[in-house]
>>> print(open('start-v5.txt').read())   # compact mmCIF, N, CA and C atoms
# COMPACT_ATOMS: atom_id res chain seq x y z
N VAL K 1 -35.71 14.17 -28.55
CA VAL K 1 -36.88 14.88 -28.07
C VAL K 1 -36.67 16.39 -28.22
N ARG K 2 -35.46 16.86 -27.84
CA ARG K 2 -35.19 18.30 -27.94
C ARG K 2 -35.20 18.77 -29.39
N MET K 3 -34.68 17.93 -30.30
CA MET K 3 -34.71 18.28 -31.72
C MET K 3 -36.13 18.40 -32.20
N ALA K 4 -36.97 17.47 -31.79
CA ALA K 4 -38.38 17.49 -32.18
C ALA K 4 -39.07 18.74 -31.65
N GLN K 5 -38.76 19.11 -30.41
CA GLN K 5 -39.34 20.32 -29.84
C GLN K 5 -38.90 21.55 -30.62
N GLY K 6 -37.64 21.57 -31.04
CA GLY K 6 -37.13 22.68 -31.85
C GLY K 6 -37.85 22.80 -33.17
N ILE K 7 -38.10 21.66 -33.80
CA ILE K 7 -38.81 21.64 -35.08
C ILE K 7 -40.24 22.12 -34.90
N ILE K 8 -40.89 21.67 -33.86
CA ILE K 8 -42.27 22.10 -33.58
C ILE K 8 -42.30 23.60 -33.31
N GLU K 9 -41.33 24.08 -32.54
CA GLU K 9 -41.27 25.52 -32.21
C GLU K 9 -41.09 26.35 -33.48
N ARG K 10 -40.20 25.91 -34.38
CA ARG K 10 -40.01 26.63 -35.64
C ARG K 10 -41.29 26.64 -36.46
N GLY K 11 -42.02 25.54 -36.43
CA GLY K 11 -43.30 25.47 -37.13
C GLY K 11 -44.30 26.45 -36.57
N ARG K 12 -44.32 26.60 -35.26
CA ARG K 12 -45.22 27.56 -34.62
C ARG K 12 -44.85 28.99 -34.99
N ILE K 13 -43.55 29.27 -35.00
CA ILE K 13 -43.08 30.60 -35.37
C ILE K 13 -43.50 30.91 -36.80
N PHE K 14 -43.26 29.94 -37.70
CA PHE K 14 -43.62 30.13 -39.10
C PHE K 14 -45.11 30.40 -39.24
N GLU K 15 -45.90 29.59 -38.56
CA GLU K 15 -47.36 29.73 -38.62
C GLU K 15 -47.81 31.08 -38.08
N ALA K 16 -47.25 31.49 -36.95
CA ALA K 16 -47.65 32.76 -36.33
C ALA K 16 -47.27 33.94 -37.22
N LEU K 17 -46.06 33.93 -37.75
CA LEU K 17 -45.62 35.06 -38.57
C LEU K 17 -46.31 35.10 -39.92
N SER K 18 -46.55 33.95 -40.52
CA SER K 18 -47.19 33.95 -41.83
C SER K 18 -48.67 34.30 -41.75
N SER K 19 -49.27 34.20 -40.57
CA SER K 19 -50.69 34.55 -40.45
C SER K 19 -50.90 36.00 -39.99
N LEU K 20 -49.82 36.76 -39.83
CA LEU K 20 -49.96 38.17 -39.44
C LEU K 20 -50.61 38.98 -40.56
N PRO K 21 -51.32 40.05 -40.22
CA PRO K 21 -51.86 40.94 -41.26
C PRO K 21 -50.73 41.60 -42.05
N LEU K 22 -51.03 42.09 -43.25
CA LEU K 22 -50.02 42.64 -44.15
C LEU K 22 -49.22 43.77 -43.50
N HIS K 23 -49.88 44.71 -42.86
CA HIS K 23 -49.16 45.85 -42.28
C HIS K 23 -48.24 45.41 -41.14
N SER K 24 -48.64 44.41 -40.37
CA SER K 24 -47.76 43.89 -39.32
C SER K 24 -46.53 43.23 -39.94
N LYS K 25 -46.74 42.52 -41.05
CA LYS K 25 -45.61 41.91 -41.75
C LYS K 25 -44.66 42.99 -42.29
N LEU K 26 -45.24 44.08 -42.78
CA LEU K 26 -44.40 45.17 -43.30
C LEU K 26 -43.58 45.82 -42.20
N VAL K 27 -44.16 45.97 -41.02
CA VAL K 27 -43.42 46.52 -39.88
C VAL K 27 -42.28 45.56 -39.52
N LEU K 28 -42.57 44.28 -39.48
CA LEU K 28 -41.55 43.28 -39.16
C LEU K 28 -40.46 43.24 -40.24
N LEU K 29 -40.88 43.33 -41.49
CA LEU K 29 -39.91 43.36 -42.59
C LEU K 29 -39.02 44.59 -42.50
N SER K 30 -39.57 45.69 -42.04
CA SER K 30 -38.77 46.91 -41.83
C SER K 30 -37.67 46.67 -40.81
N VAL K 31 -38.00 45.93 -39.76
CA VAL K 31 -36.99 45.58 -38.74
C VAL K 31 -35.91 44.71 -39.36
N VAL K 32 -36.33 43.72 -40.14
CA VAL K 32 -35.38 42.79 -40.78
C VAL K 32 -34.43 43.56 -41.70
N LEU K 33 -34.98 44.45 -42.53
CA LEU K 33 -34.15 45.21 -43.47
C LEU K 33 -33.17 46.13 -42.73
N ALA K 34 -33.64 46.75 -41.66
CA ALA K 34 -32.75 47.62 -40.87
C ALA K 34 -31.63 46.79 -40.24
N MET K 35 -31.96 45.61 -39.73
CA MET K 35 -30.94 44.73 -39.13
C MET K 35 -29.92 44.28 -40.17
N LYS K 36 -30.41 43.90 -41.35
CA LYS K 36 -29.51 43.42 -42.40
C LYS K 36 -28.55 44.51 -42.86
N ASN K 37 -28.97 45.77 -42.71
CA ASN K 37 -28.13 46.88 -43.14
C ASN K 37 -27.37 47.51 -41.98
N GLY K 38 -27.40 46.85 -40.83
CA GLY K 38 -26.60 47.28 -39.69
C GLY K 38 -27.01 48.59 -39.07
N SER K 39 -28.25 48.96 -39.23
CA SER K 39 -28.73 50.23 -38.68
C SER K 39 -29.28 50.03 -37.27
N GLU K 40 -29.12 51.06 -36.42
CA GLU K 40 -29.79 51.04 -35.12
C GLU K 40 -31.28 51.21 -35.40
N ILE K 41 -32.09 50.40 -34.78
CA ILE K 41 -33.52 50.41 -35.10
C ILE K 41 -34.28 51.18 -34.04
N THR K 42 -34.79 52.34 -34.45
CA THR K 42 -35.66 53.12 -33.58
C THR K 42 -37.03 53.18 -34.23
N SER K 43 -38.03 53.58 -33.47
CA SER K 43 -39.38 53.63 -34.02
C SER K 43 -39.47 54.60 -35.20
N GLY K 44 -38.71 55.68 -35.16
CA GLY K 44 -38.71 56.65 -36.27
C GLY K 44 -38.12 56.07 -37.53
N THR K 45 -36.97 55.41 -37.40
CA THR K 45 -36.33 54.76 -38.55
C THR K 45 -37.25 53.70 -39.13
N LEU K 46 -37.86 52.95 -38.26
CA LEU K 46 -38.77 51.89 -38.66
C LEU K 46 -39.94 52.43 -39.47
N TYR K 47 -40.52 53.53 -39.02
CA TYR K 47 -41.67 54.10 -39.71
C TYR K 47 -41.27 54.60 -41.10
N THR K 48 -40.08 55.18 -41.21
CA THR K 48 -39.61 55.66 -42.51
C THR K 48 -39.45 54.48 -43.49
N ILE K 49 -38.86 53.40 -43.03
CA ILE K 49 -38.69 52.21 -43.88
C ILE K 49 -40.05 51.63 -44.23
N TYR K 50 -40.93 51.54 -43.25
CA TYR K 50 -42.28 51.01 -43.45
C TYR K 50 -43.01 51.79 -44.55
N LYS K 51 -42.91 53.13 -44.52
CA LYS K 51 -43.58 53.95 -45.54
C LYS K 51 -43.01 53.67 -46.93
N GLU K 52 -41.69 53.47 -47.01
CA GLU K 52 -41.07 53.13 -48.29
C GLU K 52 -41.60 51.81 -48.83
N LEU K 53 -41.72 50.82 -47.95
CA LEU K 53 -42.22 49.50 -48.37
C LEU K 53 -43.66 49.59 -48.85
N CYS K 54 -44.48 50.37 -48.14
CA CYS K 54 -45.87 50.55 -48.56
C CYS K 54 -45.94 51.17 -49.94
N GLU K 55 -45.08 52.17 -50.17
CA GLU K 55 -45.05 52.84 -51.47
C GLU K 55 -44.65 51.85 -52.57
N LEU K 56 -43.69 50.98 -52.26
CA LEU K 56 -43.22 49.99 -53.24
C LEU K 56 -44.32 49.06 -53.70
N ILE K 57 -45.18 48.64 -52.77
CA ILE K 57 -46.23 47.70 -53.17
C ILE K 57 -47.56 48.39 -53.45
N GLY K 58 -47.56 49.73 -53.36
CA GLY K 58 -48.73 50.50 -53.76
C GLY K 58 -49.89 50.49 -52.79
N ILE K 59 -49.60 50.48 -51.50
CA ILE K 59 -50.68 50.57 -50.52
C ILE K 59 -50.48 51.79 -49.64
N GLU K 60 -51.56 52.27 -49.07
CA GLU K 60 -51.53 53.44 -48.20
C GLU K 60 -50.92 53.05 -46.85
N PRO K 61 -49.87 53.77 -46.41
CA PRO K 61 -49.29 53.44 -45.10
C PRO K 61 -50.20 53.86 -43.96
N LEU K 62 -50.12 53.14 -42.86
CA LEU K 62 -50.85 53.52 -41.66
C LEU K 62 -50.14 54.70 -41.01
N THR K 63 -50.80 55.33 -40.06
CA THR K 63 -50.19 56.47 -39.37
C THR K 63 -49.07 55.99 -38.45
N ASP K 64 -48.25 56.93 -38.04
CA ASP K 64 -47.16 56.63 -37.12
C ASP K 64 -47.69 56.03 -35.82
N ARG K 65 -48.78 56.58 -35.35
CA ARG K 65 -49.37 56.09 -34.10
C ARG K 65 -49.86 54.64 -34.25
N ARG K 66 -50.47 54.34 -35.39
CA ARG K 66 -50.98 52.98 -35.61
C ARG K 66 -49.83 51.97 -35.75
N THR K 67 -48.77 52.37 -36.44
CA THR K 67 -47.64 51.45 -36.56
C THR K 67 -46.98 51.25 -35.20
N SER K 68 -47.05 52.26 -34.36
CA SER K 68 -46.52 52.12 -33.00
C SER K 68 -47.31 51.06 -32.23
N SER K 69 -48.62 51.03 -32.45
CA SER K 69 -49.42 49.99 -31.77
C SER K 69 -49.15 48.61 -32.38
N LEU K 70 -48.82 48.55 -33.67
CA LEU K 70 -48.43 47.27 -34.28
C LEU K 70 -47.12 46.78 -33.67
N LEU K 71 -46.20 47.72 -33.41
CA LEU K 71 -44.95 47.36 -32.72
C LEU K 71 -45.24 46.75 -31.36
N SER K 72 -46.18 47.37 -30.65
CA SER K 72 -46.55 46.86 -29.32
C SER K 72 -47.15 45.46 -29.42
N GLU K 73 -47.97 45.22 -30.46
CA GLU K 73 -48.57 43.89 -30.65
C GLU K 73 -47.48 42.85 -30.93
N LEU K 74 -46.52 43.21 -31.79
CA LEU K 74 -45.42 42.28 -32.09
C LEU K 74 -44.56 42.04 -30.86
N ASN K 75 -44.46 43.06 -30.02
CA ASN K 75 -43.74 42.93 -28.75
C ASN K 75 -44.47 41.94 -27.84
N MET K 76 -45.79 42.06 -27.76
CA MET K 76 -46.57 41.15 -26.92
C MET K 76 -46.52 39.71 -27.42
N LEU K 77 -46.41 39.55 -28.75
CA LEU K 77 -46.30 38.20 -29.32
C LEU K 77 -44.93 37.59 -29.05
N GLY K 78 -43.98 38.41 -28.64
CA GLY K 78 -42.64 37.91 -28.37
C GLY K 78 -41.74 37.90 -29.59
N VAL K 79 -42.17 38.55 -30.66
CA VAL K 79 -41.39 38.59 -31.89
C VAL K 79 -40.33 39.69 -31.80
N LEU K 80 -40.72 40.81 -31.19
CA LEU K 80 -39.83 41.96 -31.03
C LEU K 80 -39.70 42.30 -29.56
N ASP K 81 -38.65 43.02 -29.25
CA ASP K 81 -38.49 43.59 -27.92
C ASP K 81 -38.30 45.09 -28.11
N CYS K 82 -39.09 45.89 -27.42
CA CYS K 82 -39.03 47.34 -27.55
C CYS K 82 -38.61 47.95 -26.23
N GLU K 83 -37.66 48.87 -26.31
CA GLU K 83 -37.15 49.54 -25.11
C GLU K 83 -37.35 51.04 -25.29
N LEU K 84 -38.11 51.65 -24.40
CA LEU K 84 -38.38 53.08 -24.46
C LEU K 84 -37.14 53.84 -23.98
N VAL K 85 -36.69 54.79 -24.81
CA VAL K 85 -35.49 55.57 -24.50
C VAL K 85 -35.85 57.05 -24.50
N SER K 86 -35.52 57.73 -23.40
CA SER K 86 -35.77 59.17 -23.30
C SER K 86 -34.61 59.93 -23.92
N LEU K 87 -34.93 60.90 -24.77
CA LEU K 87 -33.91 61.71 -25.40
C LEU K 87 -33.91 63.13 -24.83
N GLY K 88 -34.39 63.25 -23.60
CA GLY K 88 -34.44 64.56 -22.94
C GLY K 88 -35.41 65.49 -23.64
N ARG K 89 -34.96 66.69 -23.95
CA ARG K 89 -35.86 67.66 -24.59
C ARG K 89 -36.18 67.30 -26.03
N TYR K 90 -35.49 66.30 -26.59
CA TYR K 90 -35.76 65.86 -27.95
C TYR K 90 -36.82 64.78 -28.02
N GLY K 91 -37.45 64.52 -26.91
CA GLY K 91 -38.54 63.54 -26.88
C GLY K 91 -38.08 62.17 -26.45
N ARG K 92 -38.77 61.19 -26.96
CA ARG K 92 -38.42 59.81 -26.65
C ARG K 92 -38.67 58.95 -27.87
N THR K 93 -38.04 57.81 -27.88
CA THR K 93 -38.18 56.88 -28.98
C THR K 93 -38.13 55.47 -28.41
N ARG K 94 -38.42 54.52 -29.26
CA ARG K 94 -38.30 53.12 -28.86
C ARG K 94 -37.21 52.47 -29.68
N LYS K 95 -36.30 51.80 -29.00
CA LYS K 95 -35.31 50.98 -29.70
C LYS K 95 -35.95 49.61 -29.86
N VAL K 96 -35.80 49.05 -31.04
CA VAL K 96 -36.47 47.79 -31.36
C VAL K 96 -35.43 46.71 -31.63
N PHE K 97 -35.65 45.53 -31.06
CA PHE K 97 -34.76 44.39 -31.23
C PHE K 97 -35.60 43.18 -31.64
N LEU K 98 -35.07 42.39 -32.55
CA LEU K 98 -35.72 41.15 -32.97
C LEU K 98 -35.37 40.08 -31.95
N THR K 99 -36.38 39.38 -31.42
CA THR K 99 -36.11 38.35 -30.42
C THR K 99 -35.97 36.96 -31.03
N LEU K 100 -36.40 36.81 -32.26
CA LEU K 100 -36.28 35.53 -32.96
C LEU K 100 -35.02 35.54 -33.82
N PRO K 101 -34.50 34.37 -34.16
CA PRO K 101 -33.34 34.34 -35.06
C PRO K 101 -33.67 34.98 -36.41
N LEU K 102 -32.79 35.85 -36.89
CA LEU K 102 -33.02 36.58 -38.13
C LEU K 102 -33.28 35.64 -39.30
N ASP K 103 -32.52 34.54 -39.40
CA ASP K 103 -32.69 33.62 -40.53
C ASP K 103 -34.06 32.95 -40.55
N GLU K 104 -34.65 32.72 -39.37
CA GLU K 104 -35.99 32.12 -39.32
C GLU K 104 -37.05 33.11 -39.81
N VAL K 105 -36.90 34.37 -39.43
CA VAL K 105 -37.85 35.39 -39.87
C VAL K 105 -37.71 35.61 -41.37
N VAL K 106 -36.47 35.65 -41.86
CA VAL K 106 -36.23 35.79 -43.29
C VAL K 106 -36.85 34.61 -44.04
N GLY K 107 -36.75 33.41 -43.48
CA GLY K 107 -37.34 32.22 -44.09
C GLY K 107 -38.84 32.33 -44.26
N VAL K 108 -39.51 32.98 -43.31
CA VAL K 108 -40.96 33.19 -43.42
C VAL K 108 -41.25 34.13 -44.58
N PHE K 109 -40.46 35.21 -44.70
CA PHE K 109 -40.69 36.17 -45.78
C PHE K 109 -40.34 35.60 -47.15
N GLU K 110 -39.38 34.67 -47.20
CA GLU K 110 -39.02 34.04 -48.47
C GLU K 110 -40.19 33.24 -49.05
N LYS K 111 -41.07 32.77 -48.20
CA LYS K 111 -42.21 31.98 -48.66
C LYS K 111 -43.45 32.84 -48.92
N ASP K 112 -43.36 34.13 -48.65
CA ASP K 112 -44.49 35.04 -48.84
C ASP K 112 -44.44 35.59 -50.27
N GLU K 113 -45.54 35.40 -51.03
CA GLU K 113 -45.58 35.81 -52.43
C GLU K 113 -45.35 37.30 -52.62
N VAL K 114 -45.96 38.11 -51.77
CA VAL K 114 -45.91 39.56 -51.93
C VAL K 114 -44.58 40.14 -51.45
N LEU K 115 -44.08 39.65 -50.33
CA LEU K 115 -42.94 40.29 -49.68
C LEU K 115 -41.58 39.66 -49.97
N SER K 116 -41.56 38.49 -50.60
CA SER K 116 -40.29 37.78 -50.80
C SER K 116 -39.30 38.58 -51.65
N ASN K 117 -39.80 39.31 -52.64
CA ASN K 117 -38.87 40.05 -53.50
C ASN K 117 -38.36 41.33 -52.86
N MET K 118 -38.82 41.67 -51.66
CA MET K 118 -38.35 42.87 -50.98
C MET K 118 -37.18 42.59 -50.03
N LEU K 119 -36.82 41.34 -49.86
CA LEU K 119 -35.76 41.01 -48.91
C LEU K 119 -34.40 41.60 -49.28
N GLY K 120 -34.17 41.81 -50.56
CA GLY K 120 -32.91 42.39 -51.01
C GLY K 120 -32.94 43.90 -51.11
N TYR K 121 -34.08 44.49 -50.83
CA TYR K 121 -34.25 45.94 -50.95
C TYR K 121 -33.45 46.67 -49.87
N VAL K 122 -32.76 47.73 -50.27
CA VAL K 122 -32.06 48.59 -49.31
C VAL K 122 -32.83 49.91 -49.26
N PRO K 123 -33.50 50.18 -48.15
CA PRO K 123 -34.30 51.41 -48.04
C PRO K 123 -33.46 52.66 -48.26
N ALA K 124 -34.03 53.64 -48.96
CA ALA K 124 -33.33 54.90 -49.26
C ALA K 124 -32.88 55.60 -47.98
N SER K 125 -33.69 55.52 -46.94
CA SER K 125 -33.33 56.18 -45.68
C SER K 125 -32.07 55.57 -45.07
N LEU K 126 -31.85 54.28 -45.28
CA LEU K 126 -30.64 53.64 -44.76
C LEU K 126 -29.43 53.95 -45.64
N LYS K 127 -29.66 54.14 -46.95
CA LYS K 127 -28.57 54.52 -47.85
C LYS K 127 -28.03 55.89 -47.44
N LYS K 128 -28.93 56.80 -47.08
CA LYS K 128 -28.52 58.15 -46.67
C LYS K 128 -27.68 58.09 -45.40
N GLN K 129 -28.08 57.21 -44.45
CA GLN K 129 -27.34 57.08 -43.19
C GLN K 129 -25.92 56.57 -43.43
N ARG K 130 -25.78 55.68 -44.38
CA ARG K 130 -24.45 55.11 -44.67
C ARG K 130 -23.52 56.16 -45.25
N ASN K 131 -24.08 57.06 -46.09
CA ASN K 131 -23.25 58.06 -46.76
C ASN K 131 -22.80 59.18 -45.84
N THR K 132 -23.43 59.30 -44.68
CA THR K 132 -23.05 60.38 -43.76
C THR K 132 -21.98 59.96 -42.82
>>> encode(input="start-v5.txt", output="structure tokens")
Amino acid sequence: VRMAQGIIERGRIFEALSSLPLHSKLVLLSVVLAMKNGSEITSGTLYTIYKELCELIGIEPLTDRRTSSLLSELNMLGVLDCELVSLGRYGRTRKVFLTLPLDEVVGVFEKDEVLSNMLGYVPASLKKQRNT
């Protein structure tokens, strides 16, 4: 019974993630790429990666504020967990964590025609962080 429930749950996750709008998928893919490259995921880092992905597929990126609301939506869906962190006089940011198993989220993107070939992409912003 528990195995069956697990299979049903994975099916629901797949269905929910594959039915997300393109920009929400790009935000989620940005989280996946940052995680795969061992980077700390903040809202600023995420937006930089998101803009790179939009450029790669030739679409206009949404504003920082709009992607922030997409993060909140993914947080409400239970896909991501966002923690607001105060940086004192340097402002504040959100640290982002994936709440689902990484391999399951990657599996959803592997079946996506548009985004599957981006799974191996290493964002330029993360390459710069590694070299420093």
>>> atom_distance(input="start-v5.txt", atom1="atom N of K:Leu100", atom2="atom CA of K:Gly88")
29.3 Å
>>> select_by_dssp(input="start-v5.txt", residues="stretch 18-120 of chain K", states="strand (DSSP E or B)", output="ChimeraX atom specification")
/K:42,80-86,92-98
>>> write_last_selection(input="start-v5.txt", atoms="N, CA and C atoms", output="compact mmCIF listing (two decimals), keeping the file's coordinate frame")
# COMPACT_ATOMS: atom_id res chain seq x y z
N THR K 42 -34.79 52.34 -34.45
CA THR K 42 -35.66 53.12 -33.58
C THR K 42 -37.03 53.18 -34.23
N LEU K 80 -40.72 40.81 -31.19
CA LEU K 80 -39.83 41.96 -31.03
C LEU K 80 -39.70 42.30 -29.56
N ASP K 81 -38.65 43.02 -29.25
CA ASP K 81 -38.49 43.59 -27.92
C ASP K 81 -38.30 45.09 -28.11
N CYS K 82 -39.09 45.89 -27.42
CA CYS K 82 -39.03 47.34 -27.55
C CYS K 82 -38.61 47.95 -26.23
N GLU K 83 -37.66 48.87 -26.31
CA GLU K 83 -37.15 49.54 -25.11
C GLU K 83 -37.35 51.04 -25.29
N LEU K 84 -38.11 51.65 -24.40
CA LEU K 84 -38.38 53.08 -24.46
C LEU K 84 -37.14 53.84 -23.98
N VAL K 85 -36.69 54.79 -24.81
CA VAL K 85 -35.49 55.57 -24.50
C VAL K 85 -35.85 57.05 -24.50
N SER K 86 -35.52 57.73 -23.40
CA SER K 86 -35.77 59.17 -23.30
C SER K 86 -34.61 59.93 -23.92
N ARG K 92 -38.77 61.19 -26.96
CA ARG K 92 -38.42 59.81 -26.65
C ARG K 92 -38.67 58.95 -27.87
N THR K 93 -38.04 57.81 -27.88
CA THR K 93 -38.18 56.88 -28.98
C THR K 93 -38.13 55.47 -28.41
N ARG K 94 -38.42 54.52 -29.26
CA ARG K 94 -38.30 53.12 -28.86
C ARG K 94 -37.21 52.47 -29.68
N LYS K 95 -36.30 51.80 -29.00
CA LYS K 95 -35.31 50.98 -29.70
C LYS K 95 -35.95 49.61 -29.86
N VAL K 96 -35.80 49.05 -31.04
CA VAL K 96 -36.47 47.79 -31.36
C VAL K 96 -35.43 46.71 -31.63
N PHE K 97 -35.65 45.53 -31.06
CA PHE K 97 -34.76 44.39 -31.23
C PHE K 97 -35.60 43.18 -31.64
N LEU K 98 -35.07 42.39 -32.55
CA LEU K 98 -35.72 41.15 -32.97
C LEU K 98 -35.37 40.08 -31.95
>>> closest_residue(input="start-v5.txt", among="K:Arg89, K:Ser30, K:Arg12, K:Lys95", to="K:Leu53", atoms="only N, CA and C atoms")
K:Ser30
>>> atom_distance(input="start-v5.txt", atom1="atom N of K:Asp103", atom2="atom C of K:Phe14")
13.3 Å
>>> select_by_dssp(input="start-v5.txt", residues="chain K", states="helix (DSSP H, G or I)", output="JSON, numbers by chain")
{"K": [2, 3, 4, 5, 6, 7, 8, 9, 10, 11, 12, 13, 14, 15, 16, 17, 18, 22, 23, 24, 25, 26, 27, 28, 29, 30, 31, 32, 33, 34, 35, 36, 43, 44, 45, 46, 47, 48, 49, 50, 51, 52, 53, 54, 55, 56, 57, 64, 65, 66, 67, 68, 69, 70, 71, 72, 73, 74, 75, 76, 77, 88, 89, 90, 102, 103, 104, 105, 106, 107, 108, 109, 110, 116, 117, 118, 124, 125, 126, 127, 128, 129, 130, 131]}
>>> closest_residue(input="start-v5.txt", among="K:Ser43, K:Leu22, K:Leu119, K:Val32", to="K:Arg92", atoms="all atoms listed in the file")
K:Ser43
>>> atom_distance(input="start-v5.txt", atom1="atom N of K:Thr67", atom2="atom CA of K:Leu84")
15.9 Å
>>> residues_around(input="start-v5.txt", residues="K:Ser24", least_positions_apart="6", cutoff="8 Å", atoms="all atoms listed in the file", output="PyMOL selection string")
chain K and resi 30+70-71+74
>>> residues_around(input="start-v5.txt", residues="K:Thr48", least_positions_apart="4", cutoff="8 Å", atoms="only C-alpha atoms", output="JSON, numbers by chain")
{"K": [44, 52, 125]}
>>> closest_atom_pairs(input="start-v5.txt", of="stretch 60-110 of chain K", to="stretch 33-42 of chain K", cutoff="7 Å", atoms="all atoms listed in the file", output="Markdown table")
| residue | atom | partner | partner_atom | distance |
| --- | --- | --- | --- | --- |
| K:Thr93 | C | K:Thr42 | CA | 6.2 |
| K:Arg94 | C | K:Thr42 | CA | 4.2 |
| K:Lys95 | CA | K:Thr42 | CA | 4.4 |
| K:Val96 | N | K:Ile41 | C | 4.0 |
| K:Phe97 | N | K:Ile41 | C | 6.5 |
>>> residues_around(input="start-v5.txt", residues="K:Pro61", least_positions_apart="5", cutoff="7 Å", atoms="all atoms listed in the file", output="JSON list (two decimals) with N, CA and C atoms, in the frame of the given file")
[["chain", "number", "residue", "atom", "x", "y", "z"],
["K", 50, "TYR", "N", -40.93, 51.54, -43.25],
["K", 50, "TYR", "CA", -42.28, 51.01, -43.45],
["K", 50, "TYR", "C", -43.01, 51.79, -44.55],
["K", 51, "LYS", "N", -42.91, 53.13, -44.52],
["K", 51, "LYS", "CA", -43.58, 53.95, -45.54],
["K", 51, "LYS", "C", -43.01, 53.67, -46.93],
["K", 54, "CYS", "N", -44.48, 50.37, -48.14],
["K", 54, "CYS", "CA", -45.87, 50.55, -48.56],
["K", 54, "CYS", "C", -45.94, 51.17, -49.94],
["K", 55, "GLU", "N", -45.08, 52.17, -50.17],
["K", 55, "GLU", "CA", -45.05, 52.84, -51.47],
["K", 55, "GLU", "C", -44.65, 51.85, -52.57]]
>>> closest_residue(input="start-v5.txt", among="K:Leu29, K:Ser68, K:Asn75, K:Val85", to="K:Phe109", atoms="only N, CA and C atoms")
K:Leu29
>>> closest_residue(input="start-v5.txt", among="K:Leu56, K:Leu98, K:Leu28, K:Leu80", to="K:Val114", atoms="only C-alpha atoms")
K:Leu56
>>> closest_residue(input="start-v5.txt", among="K:Val122, K:Val27, K:Cys82, K:Val105", to="K:Ile13", atoms="only N, CA and C atoms")
K:Val105
